[in-house]
Structure formats: structure tokens, C-alpha cells
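**Q** Before anything else, here's the structure in question.
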Amino acid sequence: MAAAAERILPTSEECVYTACYCEENIYKLCEWIRDNTSHLQEFYVVFISNAAQQVPLWMQRAGRQYGPGKPVVWDYHVVLLHQREGQQTDVYDLDSMLPFPCNFSRYCTATFHSDEELRPQFHRKFRVVPASDYLLIFASDRSHMRVAGGWMSPPPEYPCIQTDQSAMNLPMFIDMSPNTFVGEILNLKTFRLRFRTPTVEEQALAPDPS
């Protein structure tokens with residue numbers, strides 16, 4: 001009998017989660033991976049946004065209020081990818097109605113649909129950042145969620161995430177201008193190509209690393 005696959009992340013119910021703070025939820029997932037596994041180098045944090053900060057995503061729990069098959073339009077969203085050599089890429093999205101984790105191809109098809117369906121202002125861009133870099137660099141004072149007299153959505157109970165260099169750099173992660181800040185900026189087509197699972201034929205043709 002084959003050995004069970006190693007468990008990399010907790011279940012969605014066990015994850016640290018605060019509604020409307022996806023960037024911090026993913027940060028906490030990255031912390032868990034760093035502290036409990038030796039696989040941090042296999043993970044990537046992905047910010048999804050665009051110049052207009054209007055990105056339609058399907059299969060999000062927040063979209064249920066609009067009716068079946070309707071997207072929610074976020075200013076940005078953040079998910080975690082797990083890419084292992086020779087295996088499928090998985091997506092971890094705590095705000096999705098899809099499985100946790102979800103196969104990358106299924107997630108992209110169900111969540112993004114196609115840019116051809118959308119006006120250019122809604123085309124999604126993706127900032128892909130190694131999880132190890134994200135843990136070193138990310139900082140947020142949560143000021144983007146403040147409104148007169150309170151919060152747009154209640155913040156996490158734990159302290160704000162800060163570094164020695166910054167108390168707030170979230171806007172730099174959301175900015176999808178080319179050649180800025182950390183990671184790489186991809187469009188939907190190049191994002192899907194970057195993380196799709198190679199076919200059996202492609203794997204057979206890959207050079208031997210030895």
C-alpha cells in the first residue's frame with residue numbers, strides 16, 4: 001500500500017482567517033509552513049489585481065449574494081500556490097467555494113474564466129512572490145480598511161504585521177505596474193502557463209537534472 005501523502009497545510013477550518021484580510025490570512029499560512037514543514041521553497045504568494053483595482057472572480061463565497069454563477073469584483077485578492085516538481089500545482093484560497101486545496105487548472109477555469117469574456121479594464125494581473133520573500137517583506141498597518149469612526153471590516157485580533165523596514169507596503173504588492181517591487185507580474189495567459197502541470201510527454205522530454 002502506498003504511503004499517504006505528507007500533509008503540508010492545515011485544513012481550511014484550522015487556518016487563521018479574518019474576512020476581508022486575505023493578505024494576512026495567506027501570511028499566516030506561510031508562517032505555518034515555515035514553522036511546521038521544510039517545504040516553504042515550494043510555495044508562492046499570488047496577488048491578483050489590475051490598474052483599475054477591479055478584478056472579477058467567480059466561485060468566491062462573497063459572490064453568493066449576487067446569485068448563482070455571478071462573480072464578485074475585488075480590488076485585489078491573495079492566494080497561495082504549491083508547486084512541486086513533477087506534480088500538479090495546488091491553490092489554497094480561503095475565500096473560495098472550491099476545494100482546499102484545489103487543482104490549479106480547475107481553480108483557474110472556475111475562478112477566472114477567460115479574459116475574452118471581459119472588458120480590458122477587468123483583465124486580471126498576477127504578482128507572484130516566493131513565500132519566503134513574502135514573510136520577510138510584507139507589512140500592513142491596516143490603514144486601507146479604516147473608515148471614519150471604525151473599520152470597513154473588523155481587523156484580526158493579533159498585532160499588525162510589520163518589518164524593521166516598513167509598517168505598510170501592501171499597496172506596492174497590489175500595484176501591477178511592470179518591473180516594480182518584488183516578484184514577477186504575469187497576465188492570465190502567462191500565469192496559467194507558468195504553473196500548469198506538464199503533460200506526460202513534456203515530463204518525458206525534460207532534461208535529466210543529474
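So you can find residues: chains in the C-alpha cells are A, B, ... in the order shown, residues in each start at 1, and ligands are numbered from 1 in order.
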From range 108-203 of chain A, collect each residue whose DSSP state is strand (DSSP E) and return the set as number ranges by chain.
**A** A: 125-130, 146-147, 150-151, 184-187
**Q** With only C-alpha atoms as the counted atoms, please give the residues lying no more than 9 Å from Ser177 in chain A, apart from itself and same-chain residues fewer than 6 positions off, as number ranges by chain.
**A** A: 50-51, 185
**Q** Could you name the residues that touch Thr109 in chain A at 10 Å or less, counting only C-alpha atoms, but leaving out those on the same chain fewer than 5 positions away, as a ChimeraX atom specification?
**A** /A:58,104,114,192
**Q** Excluding same-chain residues fewer than 3 positions from Arg106 in chain A, what lies within 12 Å of it counting only C-alpha atoms, as a VMD selection string?
**A** chain A and resid 59 88 to 91 98 to 103 109 to 113 192 196 to 197
**Q** Residues at most 12 Å from Met152 in chain A, counting only C-alpha atoms, excluding those fewer than 5 positions away in the same chain, as a count of residues only?
**A** 9
**Q** Which residues are near Thr190 in chain A? Cut-off 12 Å, only C-alpha atoms, ignore same chain within fewer than 5 positions. Put them as JSON, numbers by chain.
**A** {"A": [124, 125, 126, 127, 128, 184, 185, 195, 196]}
**Q** Convert the current residue selection to file output with all heavy atoms, as a CSV table (one decimal), in the first residue's frame.
**A**
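Result file follows (result25.csv):
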chain,number,residue,atom,x,y,z
A,124,ARG,N,-7.3,40.5,-15.4
A,124,ARG,CA,-6.5,40.3,-14.2
A,124,ARG,C,-5.0,40.2,-14.4
A,124,ARG,O,-4.6,39.7,-15.4
A,124,ARG,CB,-7.0,38.9,-13.5
A,124,ARG,CG,-8.3,39.0,-12.8
A,124,ARG,CD,-9.5,39.2,-13.8
A,124,ARG,NE,-9.6,38.3,-14.9
A,124,ARG,CZ,-10.4,37.3,-15.0
A,124,ARG,NH1,-11.2,36.9,-14.0
A,124,ARG,NH2,-10.4,36.5,-16.1
A,125,LYS,N,-4.3,40.7,-13.5
A,125,LYS,CA,-2.8,40.6,-13.4
A,125,LYS,C,-2.4,39.9,-12.1
A,125,LYS,O,-3.2,39.9,-11.1
A,125,LYS,CB,-2.1,42.0,-13.5
A,125,LYS,CG,-2.3,42.7,-14.8
A,125,LYS,CD,-1.5,42.0,-15.9
A,125,LYS,CE,-1.6,42.8,-17.2
A,125,LYS,NZ,-0.8,44.1,-17.1
A,126,PHE,N,-1.2,39.3,-12.1
A,126,PHE,CA,-0.8,38.4,-11.0
A,126,PHE,C,0.6,38.8,-10.6
A,126,PHE,O,1.5,38.7,-11.4
A,126,PHE,CB,-0.9,37.0,-11.5
A,126,PHE,CG,-2.3,36.6,-11.9
A,126,PHE,CD1,-2.6,36.8,-13.3
A,126,PHE,CD2,-3.2,35.9,-11.1
A,126,PHE,CE1,-3.9,36.4,-13.7
A,126,PHE,CE2,-4.4,35.6,-11.6
A,126,PHE,CZ,-4.8,35.8,-12.9
A,127,ARG,N,0.8,39.2,-9.4
A,127,ARG,CA,2.1,39.4,-8.8
A,127,ARG,C,2.5,38.1,-8.1
A,127,ARG,O,1.8,37.8,-7.0
A,127,ARG,CB,2.2,40.6,-7.9
A,127,ARG,CG,3.6,40.8,-7.3
A,127,ARG,CD,3.7,41.9,-6.3
A,127,ARG,NE,3.5,43.2,-7.0
A,127,ARG,CZ,4.4,43.9,-7.6
A,127,ARG,NH1,5.7,43.4,-7.7
A,127,ARG,NH2,4.1,45.1,-8.2
A,128,VAL,N,3.5,37.4,-8.5
A,128,VAL,CA,3.9,36.1,-8.0
A,128,VAL,C,5.1,36.3,-7.1
A,128,VAL,O,6.2,36.7,-7.7
A,128,VAL,CB,4.1,35.0,-9.1
A,128,VAL,CG1,4.5,33.7,-8.4
A,128,VAL,CG2,2.8,34.9,-9.9
A,184,GLU,N,7.3,38.6,-9.8
A,184,GLU,CA,7.1,38.8,-11.2
A,184,GLU,C,5.6,39.1,-11.5
A,184,GLU,O,4.7,38.5,-10.8
A,184,GLU,CB,7.6,37.6,-12.0
A,184,GLU,CG,6.9,36.3,-11.6
A,184,GLU,CD,7.5,35.1,-12.4
A,184,GLU,OE1,7.9,35.3,-13.6
A,184,GLU,OE2,7.6,34.0,-11.9
A,185,ILE,N,5.4,39.9,-12.5
A,185,ILE,CA,4.0,40.3,-12.9
A,185,ILE,C,3.6,39.5,-14.1
A,185,ILE,O,4.3,39.5,-15.1
A,185,ILE,CB,3.9,41.8,-13.2
A,185,ILE,CG1,4.4,42.6,-12.0
A,185,ILE,CG2,2.4,42.1,-13.5
A,185,ILE,CD1,3.6,42.5,-10.8
A,195,PHE,N,2.3,27.9,-14.2
A,195,PHE,CA,2.0,27.0,-13.1
A,195,PHE,C,1.2,25.7,-13.5
A,195,PHE,O,0.9,24.9,-12.7
A,195,PHE,CB,1.3,27.7,-12.0
A,195,PHE,CG,2.2,28.6,-11.2
A,195,PHE,CD1,2.1,30.0,-11.5
A,195,PHE,CD2,3.1,28.2,-10.3
A,195,PHE,CE1,3.0,30.9,-10.8
A,195,PHE,CE2,4.0,29.1,-9.6
A,195,PHE,CZ,3.9,30.4,-9.9
A,196,ARG,N,0.9,25.6,-14.8
A,196,ARG,CA,0.2,24.4,-15.2
A,196,ARG,C,1.0,23.1,-15.0
A,196,ARG,O,2.3,23.2,-15.0
A,196,ARG,CB,-0.2,24.5,-16.7
A,196,ARG,CG,0.9,24.4,-17.7
A,196,ARG,CD,0.4,24.5,-19.1
A,196,ARG,NE,1.5,24.4,-20.1
A,196,ARG,CZ,1.9,23.2,-20.6
A,196,ARG,NH1,1.3,22.1,-20.2
A,196,ARG,NH2,2.9,23.2,-21.4
**Q** Could you work out how far CA of Pro154 in chain A lies from CA of Met176 in chain A, giving the answer in Å with one decimal?
**A** 26.8 Å
**Q** I'd like the neighbourhood of Asp93 in chain A as a PyMOL selection string, where a residue qualifies if any of its atoms comes within 12 Å (using only C-alpha atoms), though same-chain residues fewer than 4 positions away should be ignored.
**A** chain A and resi 11-12+15+17+22-23+25-26+29+45-48+57+59-61+77-82+97-104+107-108+111
**Q** Just C-alpha atoms for this one: save the residues we selected as a PDB file, in the first residue's frame.
**A**
ATOM      1  CA  THR A  11      -7.435  22.228   6.870  1.00  0.00           C
ATOM      2  CA  SER A  12      -9.317  25.405   5.980  1.00  0.00           C
ATOM      3  CA  CYS A  15      -6.366  28.098   9.377  1.00  0.00           C
ATOM      4  CA  TYR A  17      -8.824  33.519   8.998  1.00  0.00           C
ATOM      5  CA  CYS A  22      -6.772  37.810   2.562  1.00  0.00           C
ATOM      6  CA  GLU A  23      -3.198  39.152   2.520  1.00  0.00           C
ATOM      7  CA  ASN A  25      -4.603  35.085   6.075  1.00  0.00           C
ATOM      8  CA  ILE A  26      -2.066  33.969   3.472  1.00  0.00           C
ATOM      9  CA  LEU A  29      -0.440  30.212   6.200  1.00  0.00           C
ATOM     10  CA  VAL A  45       2.023  34.047  -2.768  1.00  0.00           C
ATOM     11  CA  VAL A  46      -0.072  35.492  -5.589  1.00  0.00           C
ATOM     12  CA  PHE A  47      -1.659  38.955  -5.542  1.00  0.00           C
ATOM     13  CA  ILE A  48      -4.457  39.378  -8.098  1.00  0.00           C
ATOM     14  CA  LEU A  57     -13.503  36.329  -9.570  1.00  0.00           C
ATOM     15  CA  MET A  59     -16.686  30.838  -7.045  1.00  0.00           C
ATOM     16  CA  GLN A  60     -15.959  33.228  -4.194  1.00  0.00           C
ATOM     17  CA  ARG A  61     -18.117  32.948  -1.092  1.00  0.00           C
ATOM     18  CA  HIS A  77      -7.224  39.128  -3.826  1.00  0.00           C
ATOM     19  CA  VAL A  78      -4.424  36.923  -2.492  1.00  0.00           C
ATOM     20  CA  VAL A  79      -3.969  33.160  -2.751  1.00  0.00           C
ATOM     21  CA  LEU A  80      -1.198  30.647  -2.109  1.00  0.00           C
ATOM     22  CA  LEU A  81       0.238  28.231  -4.691  1.00  0.00           C
ATOM     23  CA  HIS A  82       2.081  24.998  -4.024  1.00  0.00           C
ATOM     24  CA  MET A  97     -16.124  27.696  -2.604  1.00  0.00           C
ATOM     25  CA  LEU A  98     -13.764  25.309  -4.399  1.00  0.00           C
ATOM     26  CA  PRO A  99     -11.870  22.556  -2.533  1.00  0.00           C
ATOM     27  CA  PHE A 100      -8.995  23.496  -0.237  1.00  0.00           C
ATOM     28  CA  PRO A 101      -6.564  22.931  -1.838  1.00  0.00           C
ATOM     29  CA  CYS A 102      -7.784  22.967  -5.425  1.00  0.00           C
ATOM     30  CA  ASN A 103      -6.052  21.727  -8.566  1.00  0.00           C
ATOM     31  CA  PHE A 104      -4.545  24.721 -10.362  1.00  0.00           C
ATOM     32  CA  TYR A 107      -9.169  26.680  -9.976  1.00  0.00           C
ATOM     33  CA  CYS A 108      -8.171  28.922 -12.896  1.00  0.00           C
ATOM     34  CA  THR A 111     -12.323  31.343 -10.768  1.00  0.00           C
TER      35      THR A 111
END
**Q** Run DSSP on the backbone of this structure and report the residues of range 13-200 of chain A it assigns to helix (DSSP H, G or I), as a PyMOL selection string.
**A** chain A and resi 13-14+22-36+40-42+61-66+104-112+115-117+120-122+131-137+143-145+170-174+188-195+200
**Q** For the selection you just gave me, I'd like the residues written to a file as a tab-separated table (two decimals), in the first residue's frame, keeping C-alpha atoms.
**A**
chain	number	residue	atom	x	y	z
A	13	GLU	CA	-11.17	25.17	9.30
A	14	GLU	CA	-7.86	25.10	11.19
A	22	CYS	CA	-6.77	37.81	2.56
A	23	GLU	CA	-3.20	39.15	2.52
A	24	GLU	CA	-2.83	38.44	6.24
A	25	ASN	CA	-4.60	35.09	6.08
A	26	ILE	CA	-2.07	33.97	3.47
A	27	TYR	CA	0.80	35.41	5.52
A	28	LYS	CA	-0.33	33.27	8.46
A	29	LEU	CA	-0.44	30.21	6.20
A	30	CYS	CA	3.12	30.93	5.12
A	31	GLU	CA	4.17	31.21	8.76
A	32	TRP	CA	2.63	27.82	9.46
A	33	ILE	CA	4.50	26.24	6.56
A	34	ARG	CA	7.78	27.81	7.68
A	35	ASP	CA	7.32	26.68	11.29
A	36	ASN	CA	5.93	23.18	10.67
A	40	LEU	CA	8.45	26.72	2.19
A	41	GLN	CA	10.51	26.99	-1.02
A	42	GLU	CA	7.69	25.22	-2.92
A	61	ARG	CA	-18.12	32.95	-1.09
A	62	ALA	CA	-18.69	36.70	-1.16
A	63	GLY	CA	-20.25	36.35	-4.63
A	64	ARG	CA	-23.14	34.18	-3.45
A	65	GLN	CA	-25.16	37.29	-2.65
A	66	TYR	CA	-25.26	38.14	-6.36
A	104	PHE	CA	-4.54	24.72	-10.36
A	105	SER	CA	-6.21	24.07	-13.71
A	106	ARG	CA	-9.63	23.61	-12.16
A	107	TYR	CA	-9.17	26.68	-9.98
A	108	CYS	CA	-8.17	28.92	-12.90
A	109	THR	CA	-11.05	27.77	-15.10
A	110	ALA	CA	-13.66	28.15	-12.36
A	111	THR	CA	-12.32	31.34	-10.77
A	112	PHE	CA	-11.03	33.45	-13.67
A	115	ASP	CA	-10.23	37.46	-20.42
A	116	GLU	CA	-12.11	37.22	-23.71
A	117	GLU	CA	-15.35	37.42	-21.72
A	120	PRO	CA	-9.96	45.18	-20.81
A	121	GLN	CA	-10.41	47.14	-17.57
A	122	PHE	CA	-11.31	43.87	-15.84
A	131	ALA	CA	6.56	32.68	0.11
A	132	SER	CA	9.93	33.08	1.81
A	133	ASP	CA	10.25	36.62	0.40
A	134	TYR	CA	6.71	37.44	1.42
A	135	LEU	CA	7.43	36.56	5.04
A	136	LEU	CA	10.49	38.81	5.02
A	137	ILE	CA	8.99	41.82	3.26
A	143	SER	CA	-4.99	51.68	7.24
A	144	HIS	CA	-6.64	50.66	3.95
A	145	MET	CA	-9.51	49.21	5.97
A	170	LEU	CA	0.54	46.46	0.91
A	171	PRO	CA	-0.12	49.00	-1.90
A	172	MET	CA	3.20	48.01	-3.51
A	173	PHE	CA	2.11	44.37	-3.69
A	174	ILE	CA	-1.22	45.39	-5.26
A	188	LEU	CA	-3.75	35.40	-17.09
A	189	LYS	CA	-2.24	33.53	-20.05
A	190	THR	CA	1.34	33.60	-18.77
A	191	PHE	CA	0.18	32.82	-15.23
A	192	ARG	CA	-1.58	29.67	-16.41
A	193	LEU	CA	1.44	28.63	-18.48
A	194	ARG	CA	3.82	29.28	-15.58
A	195	PHE	CA	2.05	26.97	-13.13
A	200	VAL	CA	3.37	13.18	-19.50
**Q** Kindly indicate which residue among A:Val55, A:Ala148, A:Ala139, A:Leu186 lies nearest to Ala167 in chain A, using only C-alpha atoms for the distances.
**A**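 For Ala167 in chain A, the nearest of the candidates is A:Ala139.
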